[in-house]
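Asks: Hey, dropping final.cif in here, mmCIF, C-alpha atoms and all ligand atoms:
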data_run
loop_
_atom_site.label_atom_id
_atom_site.label_comp_id
_atom_site.auth_asym_id
_atom_site.auth_seq_id
_atom_site.Cartn_x
_atom_site.Cartn_y
_atom_site.Cartn_z
CA MET A 1 6.74 4.67 -3.04
CA SER A 2 3.15 5.30 -2.04
CA SER A 3 0.49 3.04 -0.49
CA GLU A 4 -2.97 3.21 -1.97
CA GLY A 5 -5.81 4.13 0.39
CA SER A 6 -8.32 1.74 -1.14
CA TRP A 7 -5.79 -1.12 -1.46
CA PRO A 8 -3.87 -1.37 1.81
CA ASN A 9 -1.86 -4.34 0.53
CA VAL A 10 -0.58 -2.44 -2.53
CA THR A 11 2.33 -0.06 -2.99
CA ILE A 12 2.67 1.73 -6.31
CA ILE A 13 6.25 2.60 -7.17
CA ARG A 14 5.89 5.98 -8.84
CA HIS A 15 9.58 6.69 -9.34
CA PRO A 16 9.75 8.80 -12.52
CA VAL A 17 12.46 6.62 -14.09
CA VAL A 18 10.33 3.51 -13.51
CA GLN A 19 7.30 5.26 -15.00
CA GLU A 20 9.22 6.44 -18.07
CA GLN A 21 10.59 2.96 -18.74
CA LEU A 22 7.18 1.36 -18.22
CA THR A 23 5.69 3.79 -20.74
CA VAL A 24 8.22 2.69 -23.39
CA ALA A 25 7.60 -0.97 -22.53
CA ARG A 26 3.84 -0.47 -22.98
CA ASP A 27 4.33 1.09 -26.44
CA ARG A 28 3.26 -1.46 -29.06
CA ARG A 29 6.16 -0.31 -31.31
CA THR A 30 8.74 -1.46 -28.74
CA GLY A 31 10.38 -4.62 -30.09
CA VAL A 32 11.50 -7.79 -28.32
CA GLU A 33 15.06 -6.73 -27.62
CA GLN A 34 14.16 -3.38 -26.06
CA PHE A 35 11.15 -4.81 -24.23
CA ARG A 36 13.32 -7.48 -22.62
CA ARG A 37 15.91 -4.90 -21.56
CA LEU A 38 13.24 -2.61 -20.11
CA VAL A 39 11.56 -5.37 -18.10
CA GLY A 40 14.90 -6.26 -16.53
CA GLN A 41 15.71 -2.62 -15.74
CA ILE A 42 12.30 -1.86 -14.26
CA ALA A 43 12.48 -5.01 -12.13
CA ARG A 44 15.90 -3.98 -10.79
CA LEU A 45 14.77 -0.45 -9.92
CA MET A 46 11.64 -1.72 -8.21
CA ALA A 47 13.57 -4.38 -6.29
CA PHE A 48 15.89 -1.66 -4.98
CA GLU A 49 12.87 0.05 -3.47
CA ILE A 50 11.18 -3.01 -2.00
CA THR A 51 14.26 -4.51 -0.36
CA ARG A 52 14.74 -1.32 1.70
CA ASP A 53 13.19 -2.76 4.86
CA TYR A 54 15.02 -6.11 4.85
CA PRO A 55 17.11 -6.48 8.03
CA SER A 56 20.91 -6.42 7.95
CA LYS A 57 23.45 -8.11 10.18
CA ALA A 58 27.03 -7.14 10.98
CA ARG A 59 29.83 -8.25 8.68
CA ASN A 60 33.38 -7.16 9.30
CA VAL A 61 35.90 -6.93 6.47
CA GLU A 62 39.50 -5.84 6.08
CA THR A 63 40.00 -2.96 3.68
CA PRO A 64 43.52 -2.31 2.34
CA MET A 65 43.74 0.22 5.20
CA GLY A 66 42.46 -1.93 8.07
CA PRO A 67 39.34 -3.40 9.68
CA CYS A 68 35.92 -2.07 8.71
CA ALA A 69 32.55 -2.79 10.31
CA GLY A 70 30.09 -3.48 7.49
CA SER A 71 26.80 -5.31 6.98
CA GLU A 72 25.00 -7.87 4.87
CA LEU A 73 21.41 -8.99 4.44
CA ALA A 74 20.41 -10.90 7.57
CA ARG A 75 18.28 -13.48 5.77
CA GLY A 76 18.90 -14.84 2.32
CA LEU A 77 16.73 -13.64 -0.54
CA THR A 78 14.83 -16.06 -2.76
CA LEU A 79 13.40 -14.84 -6.06
CA VAL A 80 10.52 -16.87 -7.45
CA PRO A 81 9.72 -16.05 -11.07
CA ILE A 82 6.44 -17.44 -12.37
CA LEU A 83 7.32 -19.09 -15.68
CA ARG A 84 7.46 -17.91 -18.23
CA ALA A 85 7.23 -14.13 -18.11
CA GLY A 86 8.71 -13.82 -14.62
CA LEU A 87 12.00 -15.05 -16.06
CA GLY A 88 12.36 -11.69 -17.79
CA MET A 89 12.77 -10.00 -14.39
CA VAL A 90 15.31 -12.36 -12.83
CA ASP A 91 18.62 -11.15 -14.25
CA GLY A 92 17.88 -7.50 -13.52
CA ILE A 93 17.27 -8.27 -9.85
CA LEU A 94 20.27 -10.59 -9.60
CA GLU A 95 22.46 -7.68 -10.70
CA LEU A 96 21.23 -5.92 -7.57
CA VAL A 97 21.36 -8.91 -5.19
CA PRO A 98 23.80 -11.44 -6.67
CA SER A 99 23.55 -13.68 -3.60
CA ALA A 100 19.82 -14.31 -4.15
CA ARG A 101 18.66 -17.81 -4.92
CA VAL A 102 16.06 -18.51 -7.57
CA GLY A 103 13.14 -20.91 -7.18
CA HIS A 104 10.96 -21.59 -10.20
CA VAL A 105 7.22 -22.13 -10.38
CA GLY A 106 5.71 -22.88 -13.78
CA ILE A 107 2.11 -21.73 -14.19
CA TYR A 108 0.08 -20.79 -17.25
CA ARG A 109 -3.48 -19.62 -17.61
CA ASN A 110 -5.95 -21.80 -19.45
CA GLU A 111 -6.95 -19.34 -22.16
CA LYS A 112 -10.64 -20.28 -22.02
CA THR A 113 -11.28 -20.65 -18.29
CA LEU A 114 -8.45 -18.29 -17.16
CA GLN A 115 -7.74 -20.85 -14.42
CA PRO A 116 -4.07 -21.35 -13.50
CA VAL A 117 -2.35 -24.62 -14.43
CA THR A 118 0.75 -25.40 -12.35
CA TYR A 119 3.25 -27.56 -14.25
CA TYR A 120 6.62 -27.09 -12.52
CA CYS A 121 8.05 -26.30 -9.10
CA LYS A 122 11.64 -26.27 -7.85
CA LEU A 123 12.34 -24.29 -4.67
CA PRO A 124 15.28 -23.99 -2.26
CA PRO A 125 14.65 -26.42 0.63
CA ASP A 126 15.22 -23.71 3.26
CA ILE A 127 12.91 -21.18 1.62
CA GLY A 128 11.16 -20.67 4.98
CA GLN A 129 14.28 -19.03 6.43
CA THR A 130 14.58 -16.54 3.56
CA ASP A 131 12.74 -13.48 2.35
CA VAL A 132 10.85 -14.34 -0.82
CA ILE A 133 9.93 -12.08 -3.74
CA VAL A 134 7.53 -13.55 -6.29
CA ILE A 135 8.07 -11.91 -9.65
CA ASP A 136 5.73 -11.73 -12.62
CA PRO A 137 5.19 -8.73 -14.91
CA MET A 138 1.39 -9.11 -14.91
CA LEU A 139 -1.22 -9.37 -12.13
CA ALA A 140 -4.45 -9.86 -14.08
CA THR A 141 -7.06 -12.12 -12.40
CA ALA A 142 -4.40 -13.11 -9.80
CA GLY A 143 -5.12 -16.79 -10.48
CA SER A 144 -1.43 -17.42 -11.22
CA LEU A 145 -0.11 -15.45 -8.26
CA ASN A 146 -2.59 -16.98 -5.83
CA ALA A 147 -1.66 -20.48 -7.00
CA CYS A 148 2.05 -19.66 -6.71
CA ILE A 149 1.69 -18.24 -3.19
CA ASP A 150 -0.29 -21.34 -2.16
CA VAL A 151 2.69 -23.45 -3.28
CA LEU A 152 5.21 -21.21 -1.50
CA LYS A 153 3.33 -21.20 1.80
CA LYS A 154 2.99 -25.00 1.62
CA ALA A 155 6.77 -25.13 1.17
CA GLY A 156 7.21 -23.09 4.37
CA ALA A 157 7.67 -19.53 3.08
CA THR A 158 6.52 -16.94 5.61
CA SER A 159 7.99 -13.67 4.33
CA ILE A 160 6.57 -13.16 0.85
CA LYS A 161 6.30 -10.03 -1.30
CA VAL A 162 4.92 -9.76 -4.83
CA LEU A 163 6.64 -7.65 -7.46
CA CYS A 164 4.82 -7.01 -10.71
CA LEU A 165 4.88 -4.31 -13.35
CA VAL A 166 1.21 -3.84 -14.20
CA SER A 167 -1.82 -4.86 -12.12
CA ALA A 168 -5.57 -4.93 -12.59
CA PRO A 169 -7.94 -3.87 -9.78
CA GLU A 170 -9.76 -7.22 -10.10
CA GLY A 171 -6.53 -9.13 -9.46
CA ILE A 172 -5.50 -6.96 -6.54
CA ARG A 173 -8.82 -7.69 -4.85
CA ALA A 174 -8.59 -11.43 -5.55
CA LEU A 175 -5.06 -11.59 -4.16
CA ARG A 176 -6.01 -9.67 -1.05
CA ASP A 177 -9.02 -11.95 -0.49
CA ARG A 178 -6.82 -15.06 -0.50
CA HIS A 179 -3.47 -13.81 0.80
CA ALA A 180 -4.08 -10.62 2.77
CA ASP A 181 -0.66 -11.00 4.45
CA VAL A 182 1.24 -10.66 1.16
CA PRO A 183 2.12 -7.11 0.09
CA VAL A 184 2.05 -6.23 -3.60
CA TYR A 185 4.48 -3.80 -5.22
CA THR A 186 3.52 -2.65 -8.68
CA ALA A 187 4.46 0.14 -11.07
CA ALA A 188 0.85 0.67 -12.18
CA VAL A 189 -2.73 -0.24 -11.40
CA ASP A 190 -4.55 -0.10 -14.71
CA GLU A 191 -8.22 0.38 -15.51
CA LYS A 192 -9.66 -3.11 -15.87
CA LEU A 193 -9.52 -6.56 -17.43
CA ASN A 194 -11.08 -7.11 -20.84
CA GLU A 195 -13.36 -10.05 -21.67
CA ARG A 196 -10.31 -12.25 -22.38
CA GLY A 197 -8.70 -11.47 -19.02
CA TYR A 198 -6.09 -9.09 -20.44
CA ILE A 199 -5.18 -5.91 -18.61
CA VAL A 200 -6.36 -2.69 -20.29
CA PRO A 201 -4.41 -0.69 -21.27
CA GLY A 202 -1.70 -3.05 -19.93
CA LEU A 203 1.15 -3.96 -22.22
CA GLY A 204 -0.25 -7.00 -24.01
CA ASP A 205 1.01 -10.54 -23.48
CA ALA A 206 4.17 -10.15 -21.44
CA GLY A 207 5.53 -13.64 -22.20
CA ASP A 208 5.03 -13.25 -25.94
CA ARG A 209 6.64 -9.80 -25.96
CA LEU A 210 9.62 -11.03 -23.92
CA PHE A 211 10.26 -14.15 -25.93
CA GLY A 212 9.04 -13.12 -29.39
CA THR A 213 6.30 -15.75 -29.57
CA ALA A 214 3.36 -13.54 -30.58
C1 LIG B 301 0.72 -14.43 -17.81
C2 LIG B 301 1.49 -13.61 -16.82
C3 LIG B 301 1.00 -14.12 -15.49
C4 LIG B 301 -0.45 -14.44 -15.81
C5 LIG B 301 -1.31 -13.35 -15.23
O1 LIG B 301 1.25 -15.68 -17.96
O2 LIG B 301 2.87 -13.69 -16.97
O3 LIG B 301 1.67 -15.27 -15.03
O4 LIG B 301 -0.58 -14.47 -17.23
O5 LIG B 301 -2.65 -13.67 -15.38
P1 LIG B 301 -3.57 -14.01 -14.13
O6 LIG B 301 -3.28 -12.98 -13.09
O7 LIG B 301 -4.94 -13.91 -14.71
O8 LIG B 301 -3.26 -15.40 -13.67
P2 LIG B 301 0.66 -16.72 -19.05
O9 LIG B 301 -0.45 -17.51 -18.46
O10 LIG B 301 0.34 -15.98 -20.30
O11 LIG B 301 1.84 -17.74 -19.25
P3 LIG B 301 3.26 -17.50 -19.95
O12 LIG B 301 4.05 -16.60 -19.05
O13 LIG B 301 3.83 -18.88 -20.01
O14 LIG B 301 3.04 -16.88 -21.29
N1 LIG B 302 -1.09 -11.99 -19.01
C1 LIG B 302 -0.42 -11.10 -19.77
O1 LIG B 302 0.70 -11.38 -20.23
N2 LIG B 302 -1.00 -9.91 -20.01
C2 LIG B 302 -2.20 -9.59 -19.53
O2 LIG B 302 -2.67 -8.46 -19.79
C3 LIG B 302 -2.89 -10.52 -18.74
C4 LIG B 302 -2.30 -11.72 -18.48
#
What's the structure tokens form of this structure?
Ligand code: PRP
Ligand code: URA

Replies:
Amino acid sequence: MSSEGSWPNVTIIRHPVVQEQLTVARDRRTGVEQFRRLVGQIARLMAFEITRDYPSKARNVETPMGPCAGSELARGLTLVPILRAGLGMVDGILELVPSARVGHVGIYRNEKTLQPVTYYCKLPPDIGQTDVIVIDPMLATAGSLNACIDVLKKAGATSIKVLCLVSAPEGIRALRDRHADVPVYTAAVDEKLNERGYIVPGLGDAGDRLFGTA
């Protein structure tokens, strides 16, 4: 992992396996099935890195040979995928942390204004006692992530991280301006947004590529 000097709230996960898989996911020839598998795998690898600093508490178990002092995560983990594309990252992370709960926030961008439209929200009632990771493959203008984090903070969440695959500099700035306390973990910061608010070079429309709706 490495923090970026100009973006103190951003950590780029440069692990070579993550970067190789992201490169295949970006490739326009990669079909739905492989794209879906890659998004799950990349999410799992990145989650392994970003959960490193979560506190543990003691948990004692009996092995077949006798007592053993072990540990478990001190606070529960809540994953919050932004519908739809965030759903593609859930299963991969649950393989890593099966005890995690999943809250859902449905947001889409109005294609003309690029403004976020929130249409669904279902969160664990005790989300404030847990560590929260918001997951979405794309951080473009950050309208969707900012709206989602607004909702999570209103619900009481205090420990929030963002995990996305590809980010735009414009979105990183907009997220920092609104939620400077929320760290962003990404596999890439790309060049820019185009006139339609898509990340360039990006990987296209993540939801369409995941669900075959292009
Ligand atoms: C995509 C993506 C993010 C959002 C990013 O979702 O998954 O949620 O766009 O753009 P932003 O940073 O400018 O808000 P989209 O609106 O296409 O909805 P979908 O997942 O339902 O396809
Ligand atoms: N949403 C996507 O799915 N891709 C982008 O490049 C921007 C927003």

Asks: Could you tell me how far CA of Ala155 (chain A) sits from CA of Gln129 (chain A), in Å to one decimal place?

Replies: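 Pair CA of Gln129 (chain A) / CA of Ala155 (chain A) returns 11.0 Å.
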
Asks: Ligand LIG 302 (chain B): which residues are within 10 Å, counting only C-alpha atoms and all ligand atoms? Reply as number ranges by chain.

Replies: A: 84-85, 108-109, 111, 114, 136-144, 166-168, 190, 192-194, 196-210

Asks: Please determine an axis-aligned box that encloses all atoms of region 108-124 of chain A listed in the file, with 6 Å added on each side, and express its centre and edge lengths in Å to one decimal as lines of an AutoDock Vina configuration file.

Replies:
center_x = 2.0
center_y = -22.9
center_z = -12.2
size_x = 38.6
size_y = 21.3
size_z = 31.9

Asks: Can you tell me how far CA of Leu73 (chain A) sits from CA of Arg37 (chain A), in Å to one decimal?

Replies: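 Rounded to one decimal, the two atoms are 26.9 Å apart.
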
Asks: May I ask for the distance between atom O5 of ligand LIG 301 (chain B) and CA of Val189 (chain A), given in Å to one decimal place?

Replies: 14.0 Å

Asks: Just want the 8 Å neighbourhood of Ile127 (chain A), counted on only C-alpha atoms, with same-chain residues fewer than 5 positions away dropped. Output as a list in words.

Replies: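 In the requested format, the answer is Thr78, Val132, Ala155, Gly156 and Ala157 of chain A.
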
Asks: For Cys121 (chain A), work out the shell of residues within 8 Å, counting only C-alpha atoms and skipping chain neighbours fewer than 2 positions away, then give it as a CSV table (one decimal) with C-alpha atoms, in the frame of the given file.

Replies:
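Written output follows (selection_1.csv):
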chain,number,residue,atom,x,y,z
A,103,GLY,CA,13.1,-20.9,-7.2
A,104,HIS,CA,11.0,-21.6,-10.2
A,105,VAL,CA,7.2,-22.1,-10.4
A,106,GLY,CA,5.7,-22.9,-13.8
A,119,TYR,CA,3.2,-27.6,-14.2
A,123,LEU,CA,12.3,-24.3,-4.7
